[in-house]
>>> print(open('protein27.cif').read())   # mmCIF, C-alpha atoms
data_protein
loop_
_atom_site.label_atom_id
_atom_site.label_comp_id
_atom_site.auth_asym_id
_atom_site.auth_seq_id
_atom_site.Cartn_x
_atom_site.Cartn_y
_atom_site.Cartn_z
CA MET Y 153 0.00 0.00 0.00
CA THR Y 154 1.26 3.49 -0.85
CA PRO Y 155 0.83 6.59 1.35
CA LYS Y 156 -1.72 8.00 -1.11
CA HIS Y 157 -3.75 4.78 -1.09
CA PHE Y 158 -3.58 4.58 2.71
CA VAL Y 159 -4.79 8.17 3.14
CA SER Y 160 -7.60 7.61 0.63
CA THR Y 161 -8.73 4.50 2.51
CA LEU Y 162 -8.57 6.39 5.80
CA ALA Y 163 -10.62 9.26 4.36
CA ALA Y 164 -13.34 6.90 3.14
CA THR Y 165 -14.14 5.69 6.67
CA GLU Y 166 -17.25 7.08 8.38
CA LEU Y 167 -18.49 6.19 11.88
CA PRO Y 168 -21.18 7.74 14.13
CA SER Y 169 -20.01 10.16 16.86
CA VAL Y 170 -16.54 10.11 15.34
CA PHE Y 171 -14.72 12.96 13.58
CA ASN Y 172 -12.53 11.79 10.71
CA PRO Y 173 -10.14 14.73 10.13
CA TRP Y 174 -9.17 13.45 6.67
CA ARG Y 175 -12.82 13.33 5.59
CA ASP Y 176 -14.86 15.69 7.76
CA ARG Y 177 -14.95 19.46 8.14
CA CYS Y 178 -15.65 21.31 11.40
CA ALA Y 179 -18.14 24.07 10.62
CA VAL Y 180 -16.76 26.22 13.44
CA HIS Y 181 -12.97 26.04 13.13
CA ASP Y 182 -12.03 24.56 9.76
CA ARG Y 183 -11.22 26.24 6.49
CA ARG Y 184 -13.23 25.15 3.47
CA ASP Y 185 -10.46 22.84 2.24
CA ALA Y 186 -9.51 21.58 5.72
CA ALA Y 187 -9.93 17.87 5.06
CA ALA Y 188 -7.84 18.10 1.88
CA LYS Y 189 -5.06 19.94 3.73
CA ARG Y 190 -5.03 17.30 6.45
CA ARG Y 191 -4.87 14.55 3.84
CA ASP Y 192 -1.90 16.32 2.26
CA ASN Y 193 -0.22 16.64 5.67
CA LEU Y 194 -0.57 12.94 6.42
CA GLU Y 195 0.51 11.81 2.96
CA ARG Y 196 3.65 13.97 3.19
CA LEU Y 197 4.36 12.64 6.67
CA LEU Y 198 3.98 9.02 5.58
CA THR Y 199 6.14 9.54 2.51
CA ALA Y 200 8.84 11.18 4.62
CA ALA Y 201 8.67 8.36 7.17
CA LEU Y 202 9.21 5.77 4.43
CA ASP Y 203 12.04 7.79 2.88
CA ALA Y 204 13.71 8.08 6.30
CA ARG Y 205 13.15 4.36 6.98
CA VAL Y 206 11.79 5.10 10.43
CA GLU Y 207 12.23 2.17 12.78
CA THR Y 208 9.69 3.10 15.44
CA ILE Y 209 6.00 3.98 15.62
CA TRP Y 210 4.72 5.75 18.74
CA ILE Y 211 1.06 4.82 19.22
CA ALA Y 212 -1.35 6.48 21.65
CA ARG Y 213 -5.04 5.71 22.09
CA ASP Y 214 -7.07 8.10 19.91
CA LEU Y 215 -7.08 11.68 18.59
CA GLY Y 216 -7.84 14.63 20.88
CA TYR Y 217 -9.87 17.59 19.69
CA ARG Y 218 -7.02 20.11 20.09
CA GLY Y 219 -4.38 18.07 18.30
CA GLY Y 220 -4.63 15.61 15.44
CA ARG Y 221 -8.29 16.41 14.83
CA ARG Y 222 -7.18 19.85 13.70
CA THR Y 223 -3.83 19.06 12.05
CA GLY Y 224 -4.27 15.60 10.55
CA VAL Y 225 -0.97 14.65 12.22
CA PRO Y 226 -1.35 12.38 15.28
CA LEU Y 227 0.04 13.67 18.61
CA THR Y 228 0.78 17.00 16.97
CA ASP Y 229 -0.98 20.31 17.56
CA GLU Y 230 -0.82 23.42 15.38
CA VAL Y 231 1.92 24.97 17.50
CA HIS Y 232 4.24 22.07 16.64
CA LEU Y 233 3.40 21.54 12.96
CA ASP Y 234 6.57 23.26 11.76
CA ARG Y 235 8.72 21.21 14.16
CA ALA Y 236 7.09 18.02 12.92
CA GLY Y 237 7.90 18.98 9.35
CA ALA Y 238 11.49 19.81 10.25
CA LEU Y 239 12.06 16.51 12.09
CA MET Y 240 10.74 14.59 9.09
CA GLY Y 241 13.26 16.10 6.70
CA GLY Y 242 11.90 19.58 6.11
CA ILE Y 243 8.47 18.74 4.69
CA ALA Y 244 5.76 21.42 4.55
CA LEU Y 245 2.79 20.83 6.85
CA GLU Y 246 -0.05 23.35 6.66
CA ARG Y 247 -2.76 24.48 9.05
CA ALA Y 248 -6.29 23.48 8.13
CA THR Y 249 -8.08 25.77 10.59
CA GLN Y 250 -8.76 29.48 10.92
CA GLY Y 251 -8.05 31.75 13.88
CA PRO Y 252 -5.16 31.52 16.37
CA ALA Y 253 -3.08 28.36 16.49
CA VAL Y 254 -4.29 26.00 19.24
CA ALA Y 255 -1.92 24.19 21.60
CA GLU Y 256 -2.39 20.77 23.20
CA ARG Y 257 -0.58 19.79 26.39
CA THR Y 258 0.05 16.19 25.34
CA ALA Y 259 1.54 17.34 22.02
CA ALA Y 260 3.78 19.82 23.83
CA VAL Y 261 5.26 17.07 26.00
CA VAL Y 262 5.61 14.64 23.10
CA TRP Y 263 7.41 17.19 20.95
CA ARG Y 264 9.67 18.29 23.77
CA VAL Y 265 10.87 14.70 23.96
CA LEU Y 266 11.12 14.24 20.19
CA GLU Y 267 13.29 17.33 19.84
CA GLN Y 268 15.76 15.97 22.39
CA ILE Y 269 15.76 12.50 20.87
CA GLY Y 270 16.35 13.98 17.43
CA GLN Y 271 15.19 10.90 15.51
CA PRO Y 272 12.22 10.78 13.13
CA VAL Y 273 9.41 8.48 14.27
CA MET Y 274 5.96 7.72 12.96
CA LEU Y 275 3.15 8.94 15.23
CA TRP Y 276 -0.21 7.19 15.29
CA ASN Y 277 -3.19 6.11 17.41
CA VAL Y 278 -4.79 2.72 18.05
CA PHE Y 279 -8.08 4.31 16.94
CA PRO Y 280 -7.07 6.78 14.22
CA PHE Y 281 -10.00 9.19 14.54
CA HIS Y 282 -11.47 11.55 17.16
CA PRO Y 283 -14.29 9.89 19.13
CA HIS Y 284 -16.62 12.34 20.85
CA ASP Y 285 -19.84 12.34 22.83
CA ALA Y 286 -23.01 12.36 20.75
CA GLY Y 287 -24.02 15.94 20.07
CA ASP Y 288 -20.76 17.36 21.47
CA PRO Y 289 -18.09 17.22 18.73
CA LEU Y 290 -15.53 19.13 20.82
CA SER Y 291 -15.42 16.57 23.60
CA ASN Y 292 -13.16 13.55 24.05
CA ARG Y 293 -14.23 10.02 24.87
CA CYS Y 294 -12.55 6.64 24.80
CA HIS Y 295 -13.22 4.70 21.61
CA THR Y 296 -15.17 1.46 21.92
CA ARG Y 297 -14.01 -2.06 21.18
CA GLY Y 298 -16.33 -2.12 18.15
CA GLU Y 299 -14.81 1.08 16.79
CA ARG Y 300 -11.32 -0.28 17.28
CA GLU Y 301 -12.17 -3.54 15.52
CA ALA Y 302 -13.74 -1.64 12.61
CA THR Y 303 -10.52 0.32 12.04
CA TRP Y 304 -7.97 -2.34 13.02
CA PRO Y 305 -7.15 -3.13 9.35
CA LEU Y 306 -5.96 0.47 8.99
CA LEU Y 307 -3.42 0.00 11.78
CA GLN Y 308 -2.30 -3.28 10.26
CA ALA Y 309 -1.91 -1.60 6.86
CA LEU Y 310 0.18 1.19 8.41
CA ILE Y 311 2.48 -1.29 10.16
CA SER Y 312 2.82 -3.31 6.97
CA MET Y 313 3.73 -0.17 5.03
CA VAL Y 314 6.21 1.32 7.53
CA GLN Y 315 7.63 -2.04 8.71
CA PRO Y 316 8.90 -0.75 12.08
CA ARG Y 317 11.34 -2.68 14.22
CA ARG Y 318 9.43 -1.72 17.37
CA ILE Y 319 6.35 0.07 18.62
CA VAL Y 320 6.13 2.35 21.64
CA ALA Y 321 2.69 2.26 23.25
CA ILE Y 322 1.83 5.55 24.96
CA GLY Y 323 -0.46 4.81 27.87
CA ARG Y 324 -1.99 1.69 29.38
CA ASP Y 325 -4.99 1.57 27.04
CA ALA Y 326 -2.78 1.68 23.95
CA HIS Y 327 -0.49 -0.98 25.39
CA LEU Y 328 -3.37 -3.35 26.13
CA ALA Y 329 -4.90 -2.83 22.68
CA LEU Y 330 -1.59 -3.51 20.92
CA GLY Y 331 -1.01 -6.87 22.56
CA ASP Y 332 -1.73 -8.81 19.36
CA VAL Y 333 -0.05 -6.54 16.87
CA GLY Y 334 2.86 -8.89 16.24
CA ILE Y 335 5.67 -6.31 16.62
CA PRO Y 336 7.89 -5.90 19.72
CA THR Y 337 6.06 -3.31 21.82
CA MET Y 338 7.38 -1.21 24.70
CA ALA Y 339 5.14 0.86 26.96
CA VAL Y 340 5.47 4.26 28.59
CA ARG Y 341 3.00 6.17 30.69
CA HIS Y 342 0.75 8.66 28.93
CA PRO Y 343 1.83 12.24 29.77
CA SER Y 344 -1.68 13.27 30.88
CA TYR Y 345 -2.85 13.61 34.48
CA GLY Y 346 0.50 13.87 36.19
CA GLY Y 347 2.25 11.39 33.92
CA GLN Y 348 4.57 13.88 32.21
CA ARG Y 349 7.68 13.06 34.23
CA ASP Y 350 7.19 9.29 33.90
CA PHE Y 351 6.62 9.64 30.17
CA ILE Y 352 9.72 11.78 29.65
CA GLU Y 353 11.95 9.63 31.84
CA GLY Y 354 10.68 6.46 30.16
CA MET Y 355 11.35 7.81 26.67
CA PHE Y 356 14.78 9.17 27.61
CA ALA Y 357 15.76 5.81 29.11
CA MET Y 358 14.54 3.99 26.01
CA TYR Y 359 16.56 6.22 23.68
CA GLY Y 360 19.59 6.68 25.93
CA VAL Y 361 19.09 10.44 26.35
CA LYS Y 362 20.87 11.86 29.39
CA ASN Y 363 20.45 15.12 31.30
CA GLY Y 364 17.21 15.96 29.56
CA ALA Y 365 15.01 18.77 30.89
CA LEU Y 366 12.08 17.32 32.81
CA GLU Y 367 10.06 20.47 33.45
CA THR Y 368 6.44 20.22 32.40
CA PRO Y 369 5.54 22.64 29.58
CA ARG Y 370 3.35 25.44 30.90
CA LEU Y 371 0.47 26.15 28.56
CA PRO Y 372 -2.61 28.39 29.02
CA LEU Y 373 -5.09 25.55 28.53
CA ASP Y 374 -6.82 22.71 30.26
CA GLU Y 375 -5.66 19.15 29.69
CA PRO Y 376 -7.37 18.28 26.38
CA TYR Y 377 -7.08 14.54 26.72
CA ALA Y 378 -10.19 14.42 28.84
CA ALA Y 379 -10.47 10.64 28.78
CA ALA Y 380 -6.77 9.84 29.07
CA ARG Y 381 -7.18 7.88 32.27
CA SER Y 382 -7.56 4.15 31.78
CA CYS Y 383 -10.97 3.09 30.53
CA ALA Y 384 -12.55 -0.19 29.55
CA LEU Y 385 -12.66 -0.56 25.76
CA ALA Y 386 -15.89 -2.51 25.89
#
>>> encode(input="protein27.cif", output="structure tokens")
Amino acid sequence: MTPKHFVSTLAATELPSVFNPWRDRCAVHDRRDAAAKRRDNLERLLTAALDARVETIWIARDLGYRGGRRTGVPLTDEVHLDRAGALMGGIALERATQGPAVAERTAAVVWRVLEQIGQPVMLWNVFPFHPHDAGDPLSNRCHTRGEREATWPLLQALISMVQPRRIVAIGRDAHLALGDVGIPTMAVRHPSYGGQRDFIEGMFAMYGVKNGALETPRLPLDEPYAAARSCALA
């Protein structure tokens, strides 16, 4: 499967109470061509990951409404789009929304670590879309087992395309869901709800980074990963 084919397949998926950033458009925040811009972002990212022969995929649980829902790049908010493009070889990643750039606390911690590691990785989620409460598109909820099973072939296709040597599961839910993925998987704590230090220390130990700064990024926002605590994927 090629990056273009993968993105097209991703964009064709539609589920209830789920925002697909590569298909859907937010009537409040998105530009008219938002979905197309996010598809372009992801295709460029995938192409760059293959060109760089990335060896690792970091996989969290699902998209948050301040991050990948807006950018089309998992675990990446608008504030860090340029840094994501630079780390992946200088590719151009564009905003798909209007108004001020929005920050996400999880993305800030993830990108602080990535900048110190200095190695390109592929970022993804067990459930690739943004699940939200019915009637409240700007909320976060944990995806269901049925939703995960419906999109599991997409994760398998991504792994088959990238062919990583290892996967890093971010958070307990991601780690449990990835038990049958067939690739060596290591787990770190999710940086939400007081887990920033454990996440950073775990990643630094994994990559052999010493004397890294462990201060939590200070952002003028509430933790966007509202359902980051462990939940039953029933």
>>> closest_atom_pairs(input="protein27.cif", of="range 256-299 of chain Y", to="range 205-212 of chain Y", cutoff="8 Å", atoms="all atoms listed in the file", output="tab-separated table")
residue	atom	partner	partner_atom	distance
Y:Pro272	CA	Y:Val206	CA	6.3
Y:Val273	CA	Y:Thr208	CA	5.5
Y:Met274	CA	Y:Ile209	CA	4.6
Y:Leu275	CA	Y:Trp210	CA	5.0
Y:Trp276	CA	Y:Ile211	CA	4.8
Y:Asn277	CA	Y:Ala212	CA	4.6
Y:Val278	CA	Y:Ala212	CA	6.2
>>> resolve_selection(input="protein27.cif", expression="the PyMOL selection byres ((chain Y and resi 270) around 12)", output="JSON, numbers by chain")
{"Y": [235, 236, 238, 239, 240, 241, 263, 264, 265, 266, 267, 268, 269, 271, 272, 273, 356, 359, 360, 361]}
>>> write_last_selection(input="protein27.cif", atoms="C-alpha atoms", output="mmCIF file, in the frame of the given file")
data_model
loop_
_atom_site.group_PDB
_atom_site.id
_atom_site.type_symbol
_atom_site.label_atom_id
_atom_site.label_comp_id
_atom_site.auth_asym_id
_atom_site.auth_seq_id
_atom_site.Cartn_x
_atom_site.Cartn_y
_atom_site.Cartn_z
ATOM 1 C CA ARG Y 235 8.720 21.210 14.160
ATOM 2 C CA ALA Y 236 7.090 18.020 12.920
ATOM 3 C CA ALA Y 238 11.490 19.810 10.250
ATOM 4 C CA LEU Y 239 12.060 16.510 12.090
ATOM 5 C CA MET Y 240 10.740 14.590 9.090
ATOM 6 C CA GLY Y 241 13.260 16.100 6.700
ATOM 7 C CA TRP Y 263 7.410 17.190 20.950
ATOM 8 C CA ARG Y 264 9.670 18.290 23.770
ATOM 9 C CA VAL Y 265 10.870 14.700 23.960
ATOM 10 C CA LEU Y 266 11.120 14.240 20.190
ATOM 11 C CA GLU Y 267 13.290 17.330 19.840
ATOM 12 C CA GLN Y 268 15.760 15.970 22.390
ATOM 13 C CA ILE Y 269 15.760 12.500 20.870
ATOM 14 C CA GLN Y 271 15.190 10.900 15.510
ATOM 15 C CA PRO Y 272 12.220 10.780 13.130
ATOM 16 C CA VAL Y 273 9.410 8.480 14.270
ATOM 17 C CA PHE Y 356 14.780 9.170 27.610
ATOM 18 C CA TYR Y 359 16.560 6.220 23.680
ATOM 19 C CA GLY Y 360 19.590 6.680 25.930
ATOM 20 C CA VAL Y 361 19.090 10.440 26.350
#
>>> resolve_selection(input="protein27.cif", expression="the PyMOL selection byres ((chain Y and resi 343) around 10)", output="tab-separated table (two decimals) with C-alpha atoms, in the frame of the given file")
chain	number	residue	atom	x	y	z
Y	257	ARG	CA	-0.58	19.79	26.39
Y	258	THR	CA	0.05	16.19	25.34
Y	259	ALA	CA	1.54	17.34	22.02
Y	260	ALA	CA	3.78	19.82	23.83
Y	261	VAL	CA	5.26	17.07	26.00
Y	262	VAL	CA	5.61	14.64	23.10
Y	322	ILE	CA	1.83	5.55	24.96
Y	323	GLY	CA	-0.46	4.81	27.87
Y	340	VAL	CA	5.47	4.26	28.59
Y	341	ARG	CA	3.00	6.17	30.69
Y	342	HIS	CA	0.75	8.66	28.93
Y	344	SER	CA	-1.68	13.27	30.88
Y	345	TYR	CA	-2.85	13.61	34.48
Y	346	GLY	CA	0.50	13.87	36.19
Y	347	GLY	CA	2.25	11.39	33.92
Y	348	GLN	CA	4.57	13.88	32.21
Y	349	ARG	CA	7.68	13.06	34.23
Y	350	ASP	CA	7.19	9.29	33.90
Y	351	PHE	CA	6.62	9.64	30.17
Y	352	ILE	CA	9.72	11.78	29.65
Y	368	THR	CA	6.44	20.22	32.40
Y	377	TYR	CA	-7.08	14.54	26.72
Y	380	ALA	CA	-6.77	9.84	29.07
>>> atom_distance(input="protein27.cif", atom1="CA of His232 in chain Y", atom2="CA of Leu215 in chain Y")
15.5 Å
>>> closest_atom_pairs(input="protein27.cif", of="range 297-331 of chain Y", to="range 167-187 of chain Y", cutoff="10 Å", atoms="all atoms listed in the file", output="JSON lines")
{"residue": "Y:Glu299", "atom": "CA", "partner": "Y:Leu167", "partner_atom": "CA", "distance": 8.0}
{"residue": "Y:Ala302", "atom": "CA", "partner": "Y:Leu167", "partner_atom": "CA", "distance": 9.2}
{"residue": "Y:Thr303", "atom": "CA", "partner": "Y:Leu167", "partner_atom": "CA", "distance": 9.9}
>>> write_last_selection(input="protein27.cif", atoms="C-alpha atoms", output="PDB file, in the coordinates of the input")
ATOM      1  CA  GLU Y 299     -14.810   1.080  16.790  1.00  0.00           C
ATOM      2  CA  ALA Y 302     -13.740  -1.640  12.610  1.00  0.00           C
ATOM      3  CA  THR Y 303     -10.520   0.320  12.040  1.00  0.00           C
TER       4      THR Y 303
END
